[in-house]
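Structure, as structure tokens:
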Amino acid sequence: MLGTLLVSSTLPCTELWLNRQKIPGKLPDKGLVVAAGSYKGLCFNPKYEMALFEYTIVEASKPASMTFRWGIVVNQLENPLGRIALENPKAPGQMIDLGITSPEIGVAAPADGRKLKMVLKDDTGARTEERSVLIEPGQRLVVKW
């Protein structure tokens, strides 16, 4: 039995994978016709160093959706330079260091729209700030001291 899977993303995925298979080209507006079952999707964007997984179940003769909700955090911490750690929206209390390899990083937006804890630290440890931020799907959040 077949169902329909509607895949969307708040920002572009450079690559989209479903159950370990790369989906080439643009997705049809009416969705993909797929076999009923469980699906794991991957939205990958190397420019923003972002890989986001989502899961859904497709039932026979029914539509299902898979939405990749993500935004971009821009690190503009200067004088002194700083690092950003952000709470994992899927694991409250767990922090993720966004690293320093790129000033713009893709991050998952919480499905429930809640604010996330953000910790800013300079390299020497002399300056630290804790904030509560809202990561909006599809938006850029510029972080400054």
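Going by the structure tokens order, chains are called A, B, ..., each with residues numbered from 1, while ligands are numbered from 1 in the order shown.
The list of residues with at least one atom within 8 Å of region 11-14 of chain A, based on only C-alpha atoms and without residues fewer than 2 positions apart in the same chain, reads Ser9, Leu16, Cys43, Phe44, Asn45, Pro46, Arg69, Trp70, Gly71, Pro137 and Gly138 of chain A.
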Handout entry: All residues 10 Å or closer to region 24-39 of chain A, only C-alpha atoms, same chain fewer than 3 positions away omitted, as a list in words
Key =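 Residues meeting the cut-off are Met1, Leu2, Gly3, Thr4, Leu5, Leu6, Val7, Ser8, Glu15, Leu16, Trp17, Leu18, Asn19, Arg20, Gln21, Glu54, Tyr55, Thr56, Ile57, Val58, Glu59, Ala60, Ser61, Lys62, Pro63, Ala64, Ser65 and Met66 of chain A.
Reported to one decimal place, the separation of CA of Leu134 (chain A) from CA of Ala91 (chain A) is 15.8 Å.
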Exercise for the section: Compile the contact shell of Val73 (chain A) as a PyMOL selection string: residues with an atom at most 7 Å away, counting only C-alpha atoms, same-chain residues fewer than 2 positions apart removed. Expected result: chain A and resi 71+75+104-107+140-142
Residues just named, written with C-alpha atoms as a tab-separated table (two decimals), in the first residue's frame:
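Output contents, as saved in out_13.tsv:
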chain	number	residue	atom	x	y	z
A	71	GLY	CA	17.41	28.72	11.57
A	75	ASN	CA	28.44	34.54	15.80
A	104	GLU	CA	27.10	31.12	10.53
A	105	ILE	CA	25.75	27.81	11.85
A	106	GLY	CA	22.47	26.06	11.10
A	107	VAL	CA	20.55	25.04	14.24
A	140	ARG	CA	18.94	34.46	11.29
A	141	LEU	CA	19.80	35.23	14.91
A	142	VAL	CA	22.82	37.56	15.17
Exercise for the section: Would you mind listing what lies within 8 Å of Pro110 (chain A) as a VMD selection string, with only C-alpha atoms counted and same-chain residues fewer than 6 positions away left out? Expected result: chain A and resid 69 89 to 90 135
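You can rank A:Leu42, A:Ala51, A:Met95, A:Ile72 by their closest distance to Ile23 (chain A) using only C-alpha atoms, and at the top of that list sits A:Leu42.
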Problem - Near-region 111-126 of chain A list (8 Å; only C-alpha atoms; drop same-chain fewer than 2 positions) as a list of chain:residue names - result: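 Those residues are A:Arg69, A:Pro80, A:Leu81, A:Gly82, A:Arg83, A:Ile84, A:Ala85, A:Leu86, A:Glu87, A:Asn88, A:Pro89, A:Ala109, A:Thr128, A:Glu129, A:Glu130, A:Arg131, A:Ser132, A:Val133, A:Leu134, A:Ile135, A:Glu136.
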Exercise for the section: Extract the full set of strand (DSSP E or B) residues from region 32-111 of chain A according to DSSP on the backbone, and format it as number ranges by chain. Expected result: A: 32-35, 37-45, 50-58, 63-68, 70-75, 82-87, 95-97, 104-108
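All residues of protein, DNA or RNA that reach within 7 Å of Val143 (chain A), judged by only C-alpha atoms and not counting those fewer than 5 positions away in the chain, are Val74, Asn75, Gln76 and Leu77 of chain A.
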Please save all heavy atoms of the selected residues as a PDB file, in the first residue's frame.
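again-v7.pdb, freshly written:
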ATOM      1  N   VAL A  74      24.318  33.499  13.931  1.00  0.00           N
ATOM      2  CA  VAL A  74      25.486  34.211  13.421  1.00  0.00           C
ATOM      3  C   VAL A  74      26.312  34.676  14.613  1.00  0.00           C
ATOM      4  O   VAL A  74      25.843  35.460  15.436  1.00  0.00           O
ATOM      5  CB  VAL A  74      25.068  35.419  12.553  1.00  0.00           C
ATOM      6  CG1 VAL A  74      26.297  36.143  12.014  1.00  0.00           C
ATOM      7  CG2 VAL A  74      24.153  34.985  11.425  1.00  0.00           C
ATOM      8  N   ASN A  75      27.536  34.186  14.705  1.00  0.00           N
ATOM      9  CA  ASN A  75      28.436  34.537  15.803  1.00  0.00           C
ATOM     10  C   ASN A  75      29.184  35.821  15.444  1.00  0.00           C
ATOM     11  O   ASN A  75      30.083  35.812  14.623  1.00  0.00           O
ATOM     12  CB  ASN A  75      29.424  33.406  16.076  1.00  0.00           C
ATOM     13  CG  ASN A  75      30.321  33.683  17.271  1.00  0.00           C
ATOM     14  OD1 ASN A  75      30.451  34.812  17.731  1.00  0.00           O
ATOM     15  ND2 ASN A  75      30.947  32.635  17.767  1.00  0.00           N
ATOM     16  N   GLN A  76      28.773  36.935  16.081  1.00  0.00           N
ATOM     17  CA  GLN A  76      29.470  38.201  15.913  1.00  0.00           C
ATOM     18  C   GLN A  76      30.036  38.662  17.256  1.00  0.00           C
ATOM     19  O   GLN A  76      30.087  39.852  17.546  1.00  0.00           O
ATOM     20  CB  GLN A  76      28.535  39.257  15.320  1.00  0.00           C
ATOM     21  CG  GLN A  76      28.240  39.016  13.861  1.00  0.00           C
ATOM     22  CD  GLN A  76      27.475  40.151  13.204  1.00  0.00           C
ATOM     23  OE1 GLN A  76      27.083  41.127  13.826  1.00  0.00           O
ATOM     24  NE2 GLN A  76      27.256  40.017  11.903  1.00  0.00           N
ATOM     25  N   LEU A  77      30.464  37.694  18.057  1.00  0.00           N
ATOM     26  CA  LEU A  77      31.087  38.018  19.338  1.00  0.00           C
ATOM     27  C   LEU A  77      32.510  38.500  19.063  1.00  0.00           C
ATOM     28  O   LEU A  77      33.345  37.740  18.596  1.00  0.00           O
ATOM     29  CB  LEU A  77      31.100  36.794  20.257  1.00  0.00           C
ATOM     30  CG  LEU A  77      29.726  36.227  20.623  1.00  0.00           C
ATOM     31  CD1 LEU A  77      29.890  34.949  21.423  1.00  0.00           C
ATOM     32  CD2 LEU A  77      28.902  37.242  21.380  1.00  0.00           C
TER      33      LEU A  77
END
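Nearest to Thr101 (chain A) of all the residues A:Phe68, A:Arg127, A:Lys47, A:Leu52 is A:Lys47, based on only C-alpha atoms.
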